[in-house]
Amino acid sequence: MTNATDYYKGGLAVAAYDLFTGGGLLAGDIEFYLDCAHRFGGPILEIGTGTGRILLPLANAGYDVIGLDISNSMLAMAAAKLTDHPDLSARVQFVNDDMTNFDLKQKFPLIINTARSFQHLLTPDDQRKALLCIHQHLMPGGYLVLDLFDPYFELLFANDLAAPAPREMHDPLSNHQIRRTMLARYTDPMHQTVQEVLRFEAFDKAGGLVACEETSWTLRWSMRQEIAYLLELCGFEVVEQFSDFSGAPPAYGREQLWIARSI
């Protein structure tokens, strides 16, 4: 198994991250986190901030936000975006660190762990370490919002199914057409992990191939009962659960969207 965060080391995968993220089951996530900010207040810590796709709208809404991520390449993209919004720079800070072991010497009323980044933690021990670290950074009664995918076993274990069709998006910055193709999916039921091998290709206006890279990521799936117990073990009380960012009740195979209060 390759490193769980190979995808985030740089190259086409990182450059095209925003193009392929935010739709599907994540549709409406930015608006959801803005609503959480209005409900619970700031300053806000976003864990797995990536390219700042969620952080910048929060800052634009007037909140002080710290974005923590283990990927220097993703943070570099976020910082580059910030240069286009100099009025937000006083409200934004980026931290390159590991979500299982960080110390910001600050407590927050709201911490968000977005876009399934928590699932790059491949063992229950690392998941527990991350939640304990988060708990230490919350004010008493502060809130954690945690987003995971709910395992859809018909997909995870359907080795006889054809690979999904490649996805293509236009990149307005490079004026290239970016194609993402899943080459393989490997599941490990014993450890509850899935690894996906992906190819990214960039094509110019004439259809010529200008870049091609292969990468992978590995994620650990968790059942709702696991996460509920893990949150309780780490000092949280679950107050709300949803299956999408529009407030639908929990449902199999969609999102696990948790709002938990520090106790």
# chains A, B, ... in the order shown; residues from 1 in each chain; ligands from 1
$ select_by_dssp --residues "range 49-234 of chain A" --states "helix (DSSP H, G or I)" --output "PyMOL selection string"
chain A and resi 55-60+72-82+86-91+117-120+124-136+153-156+224-233
$ write_last_selection --atoms "N, CA and C atoms" --output "short mmCIF file (atom, residue, chain, number, x, y, z; two decimals), in the first residue's frame"
data_model
loop_
_atom_site.label_atom_id
_atom_site.label_comp_id
_atom_site.auth_asym_id
_atom_site.auth_seq_id
_atom_site.Cartn_x
_atom_site.Cartn_y
_atom_site.Cartn_z
N LEU A 55 -12.14 27.42 3.44
CA LEU A 55 -11.58 28.45 4.32
C LEU A 55 -11.81 29.86 3.78
N LEU A 56 -11.57 30.09 2.52
CA LEU A 56 -11.67 31.45 1.98
C LEU A 56 -13.09 32.00 2.05
N PRO A 57 -14.12 31.23 1.72
CA PRO A 57 -15.48 31.76 1.93
C PRO A 57 -15.79 32.07 3.39
N LEU A 58 -15.25 31.28 4.32
CA LEU A 58 -15.44 31.58 5.73
C LEU A 58 -14.78 32.91 6.11
N ALA A 59 -13.55 33.10 5.62
CA ALA A 59 -12.85 34.36 5.89
C ALA A 59 -13.59 35.53 5.23
N ASN A 60 -14.11 35.30 4.04
CA ASN A 60 -14.83 36.35 3.33
C ASN A 60 -16.11 36.74 4.07
N ASN A 72 2.10 20.44 2.04
CA ASN A 72 2.66 21.73 1.67
C ASN A 72 2.14 22.21 0.32
N SER A 73 1.96 21.28 -0.61
CA SER A 73 1.51 21.64 -1.96
C SER A 73 0.10 22.21 -1.94
N MET A 74 -0.76 21.60 -1.14
CA MET A 74 -2.13 22.11 -1.05
C MET A 74 -2.15 23.49 -0.38
N LEU A 75 -1.36 23.65 0.67
CA LEU A 75 -1.31 24.94 1.35
C LEU A 75 -0.73 26.02 0.45
N ALA A 76 0.21 25.65 -0.41
CA ALA A 76 0.78 26.62 -1.34
C ALA A 76 -0.29 27.13 -2.30
N MET A 77 -1.19 26.23 -2.74
CA MET A 77 -2.29 26.67 -3.60
C MET A 77 -3.23 27.60 -2.84
N ALA A 78 -3.50 27.25 -1.58
CA ALA A 78 -4.38 28.10 -0.78
C ALA A 78 -3.77 29.49 -0.59
N ALA A 79 -2.47 29.53 -0.31
CA ALA A 79 -1.79 30.81 -0.11
C ALA A 79 -1.79 31.63 -1.40
N ALA A 80 -1.64 30.94 -2.55
CA ALA A 80 -1.67 31.64 -3.82
C ALA A 80 -3.03 32.27 -4.07
N LYS A 81 -4.09 31.56 -3.70
CA LYS A 81 -5.44 32.13 -3.83
C LYS A 81 -5.59 33.37 -2.95
N LEU A 82 -4.99 33.31 -1.78
CA LEU A 82 -5.14 34.41 -0.83
C LEU A 82 -4.53 35.70 -1.37
N PRO A 86 -6.22 40.20 -0.84
CA PRO A 86 -5.38 40.74 0.23
C PRO A 86 -6.18 41.27 1.42
N ASP A 87 -7.44 41.61 1.18
CA ASP A 87 -8.27 42.10 2.28
C ASP A 87 -8.58 41.01 3.30
N LEU A 88 -8.38 39.73 2.94
CA LEU A 88 -8.67 38.63 3.85
C LEU A 88 -7.44 38.16 4.62
N SER A 89 -6.26 38.63 4.25
CA SER A 89 -5.02 38.06 4.80
C SER A 89 -4.94 38.20 6.31
N ALA A 90 -5.50 39.26 6.87
CA ALA A 90 -5.43 39.45 8.32
C ALA A 90 -6.29 38.45 9.08
N ARG A 91 -7.23 37.81 8.38
CA ARG A 91 -8.14 36.86 9.04
C ARG A 91 -7.73 35.41 8.81
N SER A 117 -11.24 14.38 4.97
CA SER A 117 -9.80 14.31 5.22
C SER A 117 -9.47 13.43 6.42
N PHE A 118 -10.39 13.31 7.36
CA PHE A 118 -10.19 12.45 8.53
C PHE A 118 -9.96 11.01 8.13
N GLN A 119 -10.49 10.61 6.96
CA GLN A 119 -10.40 9.22 6.54
C GLN A 119 -9.03 8.83 5.98
N HIS A 120 -8.13 9.80 5.87
CA HIS A 120 -6.74 9.45 5.55
C HIS A 120 -6.00 8.89 6.76
N PRO A 124 -7.60 3.00 13.82
CA PRO A 124 -8.40 3.58 14.91
C PRO A 124 -7.54 4.36 15.90
N ASP A 125 -6.29 3.93 16.10
CA ASP A 125 -5.41 4.65 17.03
C ASP A 125 -5.14 6.06 16.55
N ASP A 126 -4.83 6.23 15.25
CA ASP A 126 -4.61 7.57 14.72
C ASP A 126 -5.88 8.40 14.75
N GLN A 127 -7.02 7.78 14.50
CA GLN A 127 -8.28 8.50 14.57
C GLN A 127 -8.52 9.02 16.00
N ARG A 128 -8.24 8.17 16.98
CA ARG A 128 -8.40 8.58 18.37
C ARG A 128 -7.45 9.72 18.72
N LYS A 129 -6.20 9.62 18.28
CA LYS A 129 -5.24 10.68 18.55
C LYS A 129 -5.71 12.01 17.96
N ALA A 130 -6.24 11.97 16.75
CA ALA A 130 -6.72 13.20 16.12
C ALA A 130 -7.89 13.80 16.90
N LEU A 131 -8.84 12.97 17.30
CA LEU A 131 -10.00 13.48 18.02
C LEU A 131 -9.62 14.03 19.39
N LEU A 132 -8.67 13.39 20.05
CA LEU A 132 -8.20 13.91 21.34
C LEU A 132 -7.49 15.25 21.16
N CYS A 133 -6.72 15.37 20.10
CA CYS A 133 -6.03 16.63 19.81
C CYS A 133 -7.05 17.73 19.50
N ILE A 134 -8.07 17.38 18.73
CA ILE A 134 -9.14 18.33 18.43
C ILE A 134 -9.84 18.76 19.72
N HIS A 135 -10.14 17.79 20.57
CA HIS A 135 -10.83 18.08 21.82
C HIS A 135 -10.03 19.08 22.67
N GLN A 136 -8.71 18.92 22.69
CA GLN A 136 -7.85 19.81 23.45
C GLN A 136 -7.88 21.24 22.92
N PHE A 153 -21.08 -0.56 0.37
CA PHE A 153 -20.37 -1.82 0.15
C PHE A 153 -20.59 -2.39 -1.25
N GLU A 154 -21.72 -2.09 -1.88
CA GLU A 154 -21.94 -2.56 -3.24
C GLU A 154 -20.88 -2.01 -4.19
N LEU A 155 -20.36 -0.83 -3.87
CA LEU A 155 -19.30 -0.23 -4.68
C LEU A 155 -17.92 -0.70 -4.22
N LEU A 156 -17.71 -0.71 -2.91
CA LEU A 156 -16.38 -1.05 -2.39
C LEU A 156 -15.96 -2.46 -2.76
N ARG A 224 -21.12 4.03 11.23
CA ARG A 224 -21.63 5.08 12.12
C ARG A 224 -21.44 4.71 13.59
N GLN A 225 -21.66 3.42 13.91
CA GLN A 225 -21.53 3.02 15.30
C GLN A 225 -20.09 3.20 15.80
N GLU A 226 -19.13 2.96 14.92
CA GLU A 226 -17.72 3.17 15.29
C GLU A 226 -17.46 4.63 15.63
N ILE A 227 -17.91 5.52 14.74
CA ILE A 227 -17.64 6.94 14.95
C ILE A 227 -18.37 7.46 16.18
N ALA A 228 -19.60 7.01 16.39
CA ALA A 228 -20.33 7.44 17.58
C ALA A 228 -19.57 7.05 18.85
N TYR A 229 -19.07 5.82 18.87
CA TYR A 229 -18.33 5.37 20.06
C TYR A 229 -17.01 6.12 20.20
N LEU A 230 -16.31 6.34 19.07
CA LEU A 230 -15.03 7.03 19.10
C LEU A 230 -15.20 8.47 19.60
N LEU A 231 -16.24 9.13 19.16
CA LEU A 231 -16.51 10.49 19.63
C LEU A 231 -16.78 10.50 21.13
N GLU A 232 -17.60 9.56 21.60
CA GLU A 232 -17.88 9.48 23.03
C GLU A 232 -16.61 9.19 23.82
N LEU A 233 -15.77 8.29 23.31
CA LEU A 233 -14.53 7.93 23.98
C LEU A 233 -13.60 9.13 24.13
#
$ closest_atom_pairs --of "range 2-99 of chain A" --to "range 164-173 of chain A" --cutoff "10 Å" --atoms "only C-alpha atoms" --output "tab-separated table"
residue	atom	partner	partner_atom	distance
A:Ala15	CA	A:Asp171	CA	9.2
A:Ala16	CA	A:Asp171	CA	7.5
A:Asp18	CA	A:Asp171	CA	9.6
A:Leu19	CA	A:Met169	CA	6.4
A:Phe20	CA	A:Met169	CA	7.5
$ closest_residue --among "A:Thr83, A:Leu12, A:Leu68, A:Val92" --to "Leu104 in chain A" --atoms "only C-alpha atoms"
A:Leu68
$ select_by_dssp --residues "range 155-200 of chain A" --states "strand (DSSP E or B)" --output "number ranges by chain"
A: 167-171, 176-188, 193-200
$ residues_around --residues "Leu138 in chain A" --least-positions-apart "3" --cutoff "8 Å" --atoms "only C-alpha atoms" --output "list in words"
Lys107, Phe108, Pro109, Leu110, Ile111, Ile134, His135, Gly141, Gly142, Tyr143 and Ser262 of chain A
$ closest_residue --among "A:Ile66, A:Leu146, A:Ala248, A:Ala13" --to "Glu201 in chain A" --atoms "only C-alpha atoms"
A:Ala13
$ closest_residue --among "A:Lys9, A:Arg179, A:His85, A:Arg199" --to "Ile70 in chain A" --atoms "only C-alpha atoms"
A:Lys9
$ residues_around --residues "range 251-253 of chain A" --least-positions-apart "6" --cutoff "6 Å" --atoms "only C-alpha atoms" --output "count of residues only"
4
$ closest_residue --among "A:His137, A:Ser246, A:Arg254, A:Thr218" --to "Gln192 in chain A" --atoms "only C-alpha atoms"
A:Thr218
$ closest_residue --among "A:Leu148, A:Pro43, A:Tyr7, A:Phe157" --to "Gln106 in chain A" --atoms "only C-alpha atoms"
A:Pro43
$ decode --residues "range 51-136 of chain A" --atoms "C-alpha atoms" --output "tab-separated table (two decimals), in the first residue's frame"
chain	number	residue	atom	x	y	z
A	51	THR	CA	-6.55	24.54	-1.19
A	52	GLY	CA	-8.70	26.82	0.95
A	53	ARG	CA	-11.87	25.93	-0.95
A	54	ILE	CA	-13.91	26.24	2.27
A	55	LEU	CA	-11.58	28.45	4.32
A	56	LEU	CA	-11.67	31.45	1.98
A	57	PRO	CA	-15.48	31.76	1.93
A	58	LEU	CA	-15.44	31.58	5.73
A	59	ALA	CA	-12.85	34.36	5.89
A	60	ASN	CA	-14.83	36.35	3.33
A	61	ALA	CA	-17.85	36.07	5.63
A	62	GLY	CA	-15.83	37.84	8.35
A	63	TYR	CA	-14.44	34.92	10.39
A	64	ASP	CA	-10.85	34.45	11.54
A	65	VAL	CA	-9.81	31.03	10.25
A	66	ILE	CA	-6.74	28.85	10.74
A	67	GLY	CA	-6.30	26.21	8.05
A	68	LEU	CA	-4.25	23.15	9.03
A	69	ASP	CA	-3.04	20.60	6.49
A	70	ILE	CA	-0.25	18.06	6.17
A	71	SER	CA	0.29	18.87	2.47
A	72	ASN	CA	2.66	21.73	1.67
A	73	SER	CA	1.51	21.64	-1.96
A	74	MET	CA	-2.13	22.11	-1.05
A	75	LEU	CA	-1.31	24.94	1.35
A	76	ALA	CA	0.78	26.62	-1.34
A	77	MET	CA	-2.29	26.67	-3.60
A	78	ALA	CA	-4.38	28.10	-0.78
A	79	ALA	CA	-1.79	30.81	-0.11
A	80	ALA	CA	-1.67	31.64	-3.82
A	81	LYS	CA	-5.44	32.13	-3.83
A	82	LEU	CA	-5.14	34.41	-0.83
A	83	THR	CA	-2.88	36.77	-2.76
A	84	ASP	CA	-5.91	37.56	-4.93
A	85	HIS	CA	-7.80	38.60	-1.79
A	86	PRO	CA	-5.38	40.74	0.23
A	87	ASP	CA	-8.27	42.10	2.28
A	88	LEU	CA	-8.67	38.63	3.85
A	89	SER	CA	-5.02	38.06	4.80
A	90	ALA	CA	-5.43	39.45	8.32
A	91	ARG	CA	-8.14	36.86	9.04
A	92	VAL	CA	-6.31	33.81	7.66
A	93	GLN	CA	-3.43	31.69	8.90
A	94	PHE	CA	-2.09	28.46	7.40
A	95	VAL	CA	-0.39	25.73	9.45
A	96	ASN	CA	1.49	22.77	7.97
A	97	ASP	CA	1.00	20.00	10.53
A	98	ASP	CA	-0.36	16.53	11.23
A	99	MET	CA	-3.94	16.36	12.52
A	100	THR	CA	-2.96	13.61	14.98
A	101	ASN	CA	-0.37	15.77	16.76
A	102	PHE	CA	-0.58	19.55	16.65
A	103	ASP	CA	-0.47	22.28	19.26
A	104	LEU	CA	-1.72	25.72	18.27
A	105	LYS	CA	-1.85	27.03	21.83
A	106	GLN	CA	-5.33	28.31	21.14
A	107	LYS	CA	-8.89	27.11	21.73
A	108	PHE	CA	-11.78	27.47	19.31
A	109	PRO	CA	-15.58	27.50	19.52
A	110	LEU	CA	-15.71	25.64	16.20
A	111	ILE	CA	-13.42	23.12	14.50
A	112	ILE	CA	-14.34	21.64	11.14
A	113	ASN	CA	-12.74	18.55	9.59
A	114	THR	CA	-13.82	18.77	5.99
A	115	ALA	CA	-14.01	16.83	2.71
A	116	ARG	CA	-13.38	13.43	4.32
A	117	SER	CA	-9.80	14.31	5.22
A	118	PHE	CA	-10.19	12.45	8.53
A	119	GLN	CA	-10.40	9.22	6.54
A	120	HIS	CA	-6.74	9.45	5.55
A	121	LEU	CA	-6.08	8.26	9.09
A	122	LEU	CA	-5.80	4.53	8.48
A	123	THR	CA	-5.96	3.14	12.01
A	124	PRO	CA	-8.40	3.58	14.91
A	125	ASP	CA	-5.41	4.65	17.03
A	126	ASP	CA	-4.61	7.57	14.72
A	127	GLN	CA	-8.28	8.50	14.57
A	128	ARG	CA	-8.40	8.58	18.37
A	129	LYS	CA	-5.24	10.68	18.55
A	130	ALA	CA	-6.72	13.20	16.12
A	131	LEU	CA	-10.00	13.48	18.02
A	132	LEU	CA	-8.20	13.91	21.34
A	133	CYS	CA	-6.03	16.63	19.81
A	134	ILE	CA	-9.14	18.33	18.43
A	135	HIS	CA	-10.83	18.08	21.82
A	136	GLN	CA	-7.85	19.81	23.45
